[in-house]
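Enquirer: Below you'll find structure22.pdb; it's PDB, C-alpha atoms and all ligand atoms.
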```
ATOM      1  CA  MET A  18      26.296 -23.748   1.178  1.00  0.00           C
ATOM      2  CA  LYS A  19      22.691 -24.033   0.165  1.00  0.00           C
ATOM      3  CA  GLU A  20      20.320 -22.160  -2.041  1.00  0.00           C
ATOM      4  CA  ILE A  21      16.733 -21.439  -1.191  1.00  0.00           C
ATOM      5  CA  ASN A  22      13.884 -20.235  -3.341  1.00  0.00           C
ATOM      6  CA  ILE A  23      11.679 -17.512  -1.945  1.00  0.00           C
ATOM      7  CA  VAL A  24       8.232 -17.851  -3.436  1.00  0.00           C
ATOM      8  CA  THR A  25       5.569 -15.160  -3.309  1.00  0.00           C
ATOM      9  CA  LYS A  26       2.017 -16.159  -4.084  1.00  0.00           C
ATOM     10  CA  THR A  27       0.572 -13.319  -6.132  1.00  0.00           C
ATOM     11  CA  THR A  28      -2.915 -12.993  -7.555  1.00  0.00           C
ATOM     12  CA  ILE A  29      -3.494 -10.920 -10.668  1.00  0.00           C
ATOM     13  CA  PHE A  30      -7.010  -9.644 -11.288  1.00  0.00           C
ATOM     14  CA  ASP A  31      -7.821  -8.398 -14.782  1.00  0.00           C
ATOM     15  CA  ALA A  32      -9.745  -5.397 -13.477  1.00  0.00           C
ATOM     16  CA  ILE A  33     -11.071  -3.825 -10.301  1.00  0.00           C
ATOM     17  CA  ASP A  34     -14.537  -5.323 -10.778  1.00  0.00           C
ATOM     18  CA  GLU A  35     -13.013  -8.804 -10.355  1.00  0.00           C
ATOM     19  CA  LEU A  36     -11.914  -8.048  -6.804  1.00  0.00           C
ATOM     20  CA  PRO A  37     -13.748  -9.435  -3.770  1.00  0.00           C
ATOM     21  CA  GLN A  38     -16.374  -6.886  -2.736  1.00  0.00           C
ATOM     22  CA  ALA A  39     -14.549  -5.661   0.387  1.00  0.00           C
ATOM     23  CA  ALA A  40     -11.356  -5.092  -1.608  1.00  0.00           C
ATOM     24  CA  GLN A  41     -13.267  -3.258  -4.320  1.00  0.00           C
ATOM     25  CA  LYS A  42     -14.633  -0.858  -1.739  1.00  0.00           C
ATOM     26  CA  VAL A  43     -11.194  -0.186  -0.245  1.00  0.00           C
ATOM     27  CA  MET A  44      -9.651   0.262  -3.711  1.00  0.00           C
ATOM     28  CA  ASN A  45     -12.372   2.758  -4.622  1.00  0.00           C
ATOM     29  CA  GLU A  46     -11.410   4.756  -1.539  1.00  0.00           C
ATOM     30  CA  ALA A  47      -7.759   4.683  -2.636  1.00  0.00           C
ATOM     31  CA  ILE A  48      -8.801   5.920  -6.070  1.00  0.00           C
ATOM     32  CA  LYS A  49     -10.803   8.740  -4.479  1.00  0.00           C
ATOM     33  CA  ALA A  50      -7.879   9.621  -2.183  1.00  0.00           C
ATOM     34  CA  LYS A  51      -5.713  10.384  -5.231  1.00  0.00           C
ATOM     35  CA  GLU A  52      -7.864  13.420  -5.988  1.00  0.00           C
ATOM     36  CA  THR A  53      -6.434  15.389  -3.070  1.00  0.00           C
ATOM     37  CA  ALA A  54      -2.818  14.260  -3.439  1.00  0.00           C
ATOM     38  CA  TYR A  55      -0.327  17.129  -3.445  1.00  0.00           C
ATOM     39  CA  ALA A  56       2.015  16.197  -6.279  1.00  0.00           C
ATOM     40  CA  PRO A  57       2.874  19.390  -8.176  1.00  0.00           C
ATOM     41  CA  TYR A  58       6.437  18.233  -8.924  1.00  0.00           C
ATOM     42  CA  SER A  59       6.054  14.656 -10.109  1.00  0.00           C
ATOM     43  CA  LYS A  60       2.453  15.022 -11.314  1.00  0.00           C
ATOM     44  CA  PHE A  61       2.173  11.426 -10.143  1.00  0.00           C
ATOM     45  CA  LYS A  62      -0.707  11.036  -7.727  1.00  0.00           C
ATOM     46  CA  VAL A  63      -0.966   8.049  -5.418  1.00  0.00           C
ATOM     47  CA  GLY A  64      -3.887   7.108  -3.185  1.00  0.00           C
ATOM     48  CA  ALA A  65      -3.798   4.526  -0.415  1.00  0.00           C
ATOM     49  CA  ALA A  66      -6.614   3.146   1.713  1.00  0.00           C
ATOM     50  CA  LEU A  67      -6.409   0.889   4.750  1.00  0.00           C
ATOM     51  CA  LEU A  68      -9.239  -1.242   6.062  1.00  0.00           C
ATOM     52  CA  LEU A  69      -9.053  -1.605   9.836  1.00  0.00           C
ATOM     53  CA  GLU A  70     -10.547  -4.441  11.828  1.00  0.00           C
ATOM     54  CA  ASN A  71     -13.045  -1.979  13.336  1.00  0.00           C
ATOM     55  CA  GLY A  72     -14.421  -1.472   9.832  1.00  0.00           C
ATOM     56  CA  LYS A  73     -13.012   2.024   9.338  1.00  0.00           C
ATOM     57  CA  ILE A  74     -11.235   2.906   6.111  1.00  0.00           C
ATOM     58  CA  ILE A  75      -8.296   5.289   6.528  1.00  0.00           C
ATOM     59  CA  THR A  76      -6.922   6.986   3.441  1.00  0.00           C
ATOM     60  CA  GLY A  77      -3.781   8.877   2.528  1.00  0.00           C
ATOM     61  CA  ASN A  78      -2.121  10.342  -0.532  1.00  0.00           C
ATOM     62  CA  ASN A  79       1.320  11.547  -1.486  1.00  0.00           C
ATOM     63  CA  GLN A  80       2.413  14.933  -0.190  1.00  0.00           C
ATOM     64  CA  GLU A  81       5.335  16.466  -2.023  1.00  0.00           C
ATOM     65  CA  ASN A  82       7.650  19.293  -1.058  1.00  0.00           C
ATOM     66  CA  ALA A  83       9.830  21.802  -2.903  1.00  0.00           C
ATOM     67  CA  ALA A  84      12.680  20.199  -0.970  1.00  0.00           C
ATOM     68  CA  TYR A  85      11.981  16.886  -2.685  1.00  0.00           C
ATOM     69  CA  PRO A  86      13.100  14.394   0.009  1.00  0.00           C
ATOM     70  CA  SER A  87      10.807  16.101   2.512  1.00  0.00           C
ATOM     71  CA  GLY A  88       7.763  14.748   0.686  1.00  0.00           C
ATOM     72  CA  MET A  89       5.980  11.573   1.671  1.00  0.00           C
ATOM     73  CA  CYS A  90       4.342   8.607  -0.050  1.00  0.00           C
ATOM     74  CA  ALA A  91       0.630   7.904   0.140  1.00  0.00           C
ATOM     75  CA  GLU A  92       1.072   4.572   1.916  1.00  0.00           C
ATOM     76  CA  ARG A  93       3.050   6.034   4.787  1.00  0.00           C
ATOM     77  CA  VAL A  94       0.694   9.001   5.134  1.00  0.00           C
ATOM     78  CA  ALA A  95      -2.160   6.477   5.401  1.00  0.00           C
ATOM     79  CA  VAL A  96      -0.522   4.021   7.783  1.00  0.00           C
ATOM     80  CA  TRP A  97       0.734   6.727  10.131  1.00  0.00           C
ATOM     81  CA  LYS A  98      -2.694   8.329  10.111  1.00  0.00           C
ATOM     82  CA  ALA A  99      -4.222   4.970  11.023  1.00  0.00           C
ATOM     83  CA  ALA A 100      -1.595   4.065  13.626  1.00  0.00           C
ATOM     84  CA  SER A 101      -1.690   7.471  15.303  1.00  0.00           C
ATOM     85  CA  THR A 102      -5.487   7.598  15.409  1.00  0.00           C
ATOM     86  CA  TYR A 103      -6.212   3.940  16.211  1.00  0.00           C
ATOM     87  CA  PRO A 104      -2.980   2.633  17.737  1.00  0.00           C
ATOM     88  CA  ASN A 105      -4.361  -0.715  18.829  1.00  0.00           C
ATOM     89  CA  VAL A 106      -6.606  -1.529  15.909  1.00  0.00           C
ATOM     90  CA  LYS A 107      -5.306  -4.088  13.448  1.00  0.00           C
ATOM     91  CA  ILE A 108      -4.988  -3.332   9.760  1.00  0.00           C
ATOM     92  CA  LYS A 109      -6.585  -5.922   7.500  1.00  0.00           C
ATOM     93  CA  MET A 110      -6.071  -4.592   4.024  1.00  0.00           C
ATOM     94  CA  LEU A 111      -4.226  -1.971   1.993  1.00  0.00           C
ATOM     95  CA  ALA A 112      -5.231  -0.777  -1.466  1.00  0.00           C
ATOM     96  CA  ILE A 113      -3.100   1.492  -3.655  1.00  0.00           C
ATOM     97  CA  SER A 114      -3.806   3.269  -6.926  1.00  0.00           C
ATOM     98  CA  ALA A 115      -1.669   5.717  -8.904  1.00  0.00           C
ATOM     99  CA  SER A 116      -2.299   8.150 -11.794  1.00  0.00           C
ATOM    100  CA  SER A 117       0.118  10.249 -13.785  1.00  0.00           C
ATOM    101  CA  ALA A 118      -0.538  13.503 -15.625  1.00  0.00           C
ATOM    102  CA  THR A 119       2.021  12.487 -18.250  1.00  0.00           C
ATOM    103  CA  GLN A 120       0.992   8.921 -19.115  1.00  0.00           C
ATOM    104  CA  GLN A 121      -1.895   6.519 -18.673  1.00  0.00           C
ATOM    105  CA  LEU A 122      -0.861   4.031 -15.974  1.00  0.00           C
ATOM    106  CA  THR A 123      -2.331   0.746 -17.141  1.00  0.00           C
ATOM    107  CA  GLU A 124       0.112  -1.480 -15.242  1.00  0.00           C
ATOM    108  CA  PRO A 125      -0.073  -2.039 -11.476  1.00  0.00           C
ATOM    109  CA  VAL A 126       2.073   0.417  -9.501  1.00  0.00           C
ATOM    110  CA  ALA A 127       3.826  -1.325  -6.619  1.00  0.00           C
ATOM    111  CA  PRO A 128       4.555   0.315  -3.258  1.00  0.00           C
ATOM    112  CA  CYS A 129       8.128   1.564  -2.851  1.00  0.00           C
ATOM    113  CA  GLY A 130      10.649  -0.194  -0.650  1.00  0.00           C
ATOM    114  CA  ALA A 131      10.522   2.360   2.160  1.00  0.00           C
ATOM    115  CA  CYS A 132       6.738   1.983   2.372  1.00  0.00           C
ATOM    116  CA  ARG A 133       7.063  -1.809   2.442  1.00  0.00           C
ATOM    117  CA  GLN A 134       9.481  -1.511   5.343  1.00  0.00           C
ATOM    118  CA  THR A 135       7.232   0.906   7.230  1.00  0.00           C
ATOM    119  CA  LEU A 136       4.135  -1.211   6.675  1.00  0.00           C
ATOM    120  CA  SER A 137       5.962  -4.394   7.706  1.00  0.00           C
ATOM    121  CA  GLU A 138       6.493  -2.973  11.190  1.00  0.00           C
ATOM    122  CA  TYR A 139       2.747  -2.783  11.797  1.00  0.00           C
ATOM    123  CA  GLU A 140       2.083  -6.159  10.214  1.00  0.00           C
ATOM    124  CA  ILE A 141       4.674  -7.839  12.444  1.00  0.00           C
ATOM    125  CA  VAL A 142       3.547  -6.137  15.645  1.00  0.00           C
ATOM    126  CA  GLN A 143      -0.135  -6.884  15.071  1.00  0.00           C
ATOM    127  CA  LYS A 144       0.681 -10.561  14.325  1.00  0.00           C
ATOM    128  CA  ASN A 145      -1.806 -10.652  11.464  1.00  0.00           C
ATOM    129  CA  ASN A 146      -1.166 -10.302   7.761  1.00  0.00           C
ATOM    130  CA  ILE A 147      -2.234  -7.229   5.802  1.00  0.00           C
ATOM    131  CA  GLU A 148      -3.577  -8.054   2.356  1.00  0.00           C
ATOM    132  CA  VAL A 149      -2.146  -5.705  -0.269  1.00  0.00           C
ATOM    133  CA  TYR A 150      -3.860  -4.754  -3.527  1.00  0.00           C
ATOM    134  CA  PHE A 151      -2.225  -2.379  -5.980  1.00  0.00           C
ATOM    135  CA  MET A 152      -3.043  -1.005  -9.417  1.00  0.00           C
ATOM    136  CA  GLY A 153      -2.273   1.870 -11.754  1.00  0.00           C
ATOM    137  CA  GLU A 154      -5.104   4.057 -12.951  1.00  0.00           C
ATOM    138  CA  THR A 155      -6.861   1.327 -14.913  1.00  0.00           C
ATOM    139  CA  GLY A 156      -6.335  -2.327 -15.706  1.00  0.00           C
ATOM    140  CA  LYS A 157      -4.891  -5.156 -13.692  1.00  0.00           C
ATOM    141  CA  VAL A 158      -4.782  -5.321  -9.915  1.00  0.00           C
ATOM    142  CA  VAL A 159      -2.080  -7.280  -8.099  1.00  0.00           C
ATOM    143  CA  LYS A 160      -2.744  -8.855  -4.715  1.00  0.00           C
ATOM    144  CA  THR A 161      -0.355 -10.317  -2.172  1.00  0.00           C
ATOM    145  CA  ASN A 162      -1.513 -11.864   1.072  1.00  0.00           C
ATOM    146  CA  ALA A 163       0.906  -9.904   3.201  1.00  0.00           C
ATOM    147  CA  VAL A 164       3.286  -6.944   3.226  1.00  0.00           C
ATOM    148  CA  LEU A 165       6.120  -9.331   4.071  1.00  0.00           C
ATOM    149  CA  ASP A 166       5.397 -11.205   0.862  1.00  0.00           C
ATOM    150  CA  LEU A 167       6.604  -8.033  -0.853  1.00  0.00           C
ATOM    151  CA  LEU A 168       9.649  -7.746   1.413  1.00  0.00           C
ATOM    152  CA  PRO A 169      11.505 -11.044   1.695  1.00  0.00           C
ATOM    153  CA  LEU A 170      14.463 -11.207   4.081  1.00  0.00           C
ATOM    154  CA  ALA A 171      13.163  -8.124   5.865  1.00  0.00           C
ATOM    155  CA  PHE A 172      14.902  -6.254   8.650  1.00  0.00           C
ATOM    156  CA  ASP A 173      12.791  -6.382  11.798  1.00  0.00           C
ATOM    157  CA  LYS A 174      12.918  -5.846  15.558  1.00  0.00           C
ATOM    158  CA  SER A 175      14.415  -9.306  16.145  1.00  0.00           C
ATOM    159  CA  PHE A 176      17.782  -7.957  14.973  1.00  0.00           C
ATOM    160  CA  LEU A 177      17.887  -5.190  17.588  1.00  0.00           C
TER     161      LEU A 177
HETATM  162  N1  LIG A 201       4.923   7.577  -4.310  1.00  0.00           N
HETATM  163  C1  LIG A 201       3.989   7.106  -3.435  1.00  0.00           C
HETATM  164  O1  LIG A 201       3.130   7.866  -2.939  1.00  0.00           O
HETATM  165  N2  LIG A 201       4.018   5.803  -3.131  1.00  0.00           N
HETATM  166  C2  LIG A 201       4.920   4.906  -3.610  1.00  0.00           C
HETATM  167  O2  LIG A 201       4.936   3.759  -3.185  1.00  0.00           O
HETATM  168  C3  LIG A 201       5.859   5.316  -4.656  1.00  0.00           C
HETATM  169  C4  LIG A 201       5.936   6.761  -4.926  1.00  0.00           C
HETATM  170  C5  LIG A 201       4.918   9.020  -4.621  1.00  0.00           C
HETATM  171  C6  LIG A 201       6.100   9.767  -4.081  1.00  0.00           C
HETATM  172  C7  LIG A 201       6.175  10.944  -5.036  1.00  0.00           C
HETATM  173  O3  LIG A 201       5.299  11.949  -4.547  1.00  0.00           O
HETATM  174  C8  LIG A 201       5.614  10.411  -6.327  1.00  0.00           C
HETATM  175  O4  LIG A 201       4.931   9.210  -6.010  1.00  0.00           O
HETATM  176  C9  LIG A 201       6.669  10.116  -7.383  1.00  0.00           C
HETATM  177  O5  LIG A 201       7.661   9.281  -6.880  1.00  0.00           O
END
```
As C-alpha cells - that is how I would like this structure written.
Expert:
Amino acid sequence: MKEINIVTKTTIFDAIDELPQAAQKVMNEAIKAKETAYAPYSKFKVGAALLLENGKIITGNNQENAAYPSGMCAERVAVWKAASTYPNVKIKMLAISASSATQQLTEPVAPCGACRQTLSEYEIVQKNNIEVYFMGETGKVVKTNAVLDLLPLAFDKSFL
C-alpha cells in the first residue's frame, strides 16, 4: 500500500486586470458571451471563450431547456463549436465567467465535472495543455495550467 499526494498548481489573481494581456482579452470575450446565454430557468448565465492557436476566439454560453437535462453548459457549447469548426486547430486557453440574477457572484465559478471530462478529451488528443481561467462576475480569477489539473485520475482513451 502507498499513498500519493496529487498537487495542483493554481494561481489566484485578485482581479481581471491582473491577468496577462492575452488572458484578459479571452476573459472579456467570455464575459460578453454571457449576455446571450439562454438561462431562463436557473437565471445563472455562464460564458466561455476559447483561444485557438490560429488566434481565433470561439465563445459559447449555457443553453437551457424546459426538459432540464437537455440543456448544455457554456464550456461544452464553446468547445464543440471550436472542435466542429476547426477540428485540427489546437486550443490554447479557456476563460469562464458566470453571473446570477439572484446573487452577486464574487467568488470564482469552476467548470463542472462533465465539462472537465469533455475538455480533457481535446487536451489529451492535441498533446498540449489548455490554460484555464475562471471567475464569477467580479473579483478573483483562478488559473490552472491545464484541464487535467482540474481532473486528477481522469478516465481517458487509454482505458478503452
Ligand atoms: N453551467 C455551465 O454553463 N457551466 C458549468 O460549468 C456549470 C453550470 C450552467 C448549466 C445551467 O444552465 C446553469 O449553469 C446552472 O447550473
Enquirer: Here is a test: counting all atoms listed in the file, which residue of A:Ala66, A:Ala99, A:Val106, A:Ile75 is nearest to ligand LIG 201 (chain A)?
Expert: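 Looking at the shortest contact to ligand LIG 201 (chain A), the residue is A:Ala66.
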Enquirer: Residues within 10 Å of ligand LIG 201 (chain A), counting only C-alpha atoms and all ligand atoms: report them as an MDAnalysis selection string.
Expert: chainID A and resid 51 54:65 77:82 85:95 113:117 126:133 151
Enquirer: From the set A:Pro125, A:Thr76, A:Glu70, A:Ala118, which residue has the shortest atom-to-atom contact distance to Ile147 of chain A, counting only C-alpha atoms?
Expert: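 Using only C-alpha atoms, the shortest distance to Ile147 of chain A belongs to A:Glu70.
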Enquirer: For a test of reading the model, state the distance in Å between atom CA of Lys98 of chain A and atom CA of Glu124 of chain A, rounded to one decimal.
Expert: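 Straight-line distance from atom CA of Lys98 of chain A to atom CA of Glu124 of chain A works out to 27.3 Å.
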Enquirer: Return the single residue from A:Leu136, A:Ala171, A:Ala47, A:Val96 that is closest to Ile33 of chain A, with distances computed using only C-alpha atoms.
Expert: A:Ala47
Enquirer: Determine the nearest neighbour of Thr28 of chain A from the options A:Ile141, A:Met152, A:Val159, A:Met110, counting only C-alpha atoms.
Expert: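 Closest to Thr28 of chain A of all the choices is A:Val159.
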Enquirer: Would you mind reading off the distance between atom CA of Val142 of chain A and atom CA of Lys174 of chain A, one decimal, in Å?
Expert: 9.4 Å
Enquirer: Figure out the distance between atom CA of Ala32 of chain A and atom CA of Val158 of chain A, please, to one decimal in Å.
Expert: 6.1 Å
Enquirer: Which residues would end up in the selection if the PyMOL selection byres (((chain A and resi 146) around 7) and not hetatm) were applied here, given that I need the answer as an MDAnalysis selection string?
Expert: chainID A and resid 109 140 144:145 147:148 162:163
Enquirer: Which is closer to Ser137 of chain A than all the others in A:Ala50, A:Ile108, A:Val149, A:Leu165, using all atoms listed in the file?
Expert: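 For Ser137 of chain A, the nearest of the candidates is A:Leu165.
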Enquirer: With 3 Å added on each side, what axis-aligned box encloses every listed atom of segment 55-61 of chain A? Give the centre and edge lengths in Å to one decimal, as JSON.
Expert:
```
{"center_x": 3.1, "center_y": 15.4, "center_z": -7.4, "size_x": 12.8, "size_y": 14.0, "size_z": 13.9}
```
Enquirer: Give the answer as one residue: which of A:Leu69, A:Ile21, A:Ala112, A:Ile29 has the shortest atom-to-atom distance to Lys49 of chain A, using only C-alpha atoms?
Expert: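 When distances to Lys49 of chain A are compared using only C-alpha atoms, the smallest one comes from A:Ala112.
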Enquirer: With the PyMOL selection byres (((chain A and resi 24) around 12) and not hetatm) as the selection, what would be picked from this file? Answer as a PyMOL selection string, please.
Expert: chain A and resi 21-23+25-27+161+165-170
Enquirer: Leu122 of chain A: which residues within 7 Å, counting all atoms listed in the file, same-chain residues fewer than 6 positions away excluded, as a list in words?
Expert: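 Using all atoms listed in the file, the neighbours found are Ser116, Gly153, Glu154 and Thr155 of chain A.
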Enquirer: Just the selected residues (C-alpha atoms), exported as a PDB file, in the frame of the given file, please.
Expert:
```pdb
ATOM      1  CA  SER A 116      -2.299   8.150 -11.794  1.00  0.00           C
ATOM      2  CA  GLY A 153      -2.273   1.870 -11.754  1.00  0.00           C
ATOM      3  CA  GLU A 154      -5.104   4.057 -12.951  1.00  0.00           C
ATOM      4  CA  THR A 155      -6.861   1.327 -14.913  1.00  0.00           C
TER       5      THR A 155
END
```
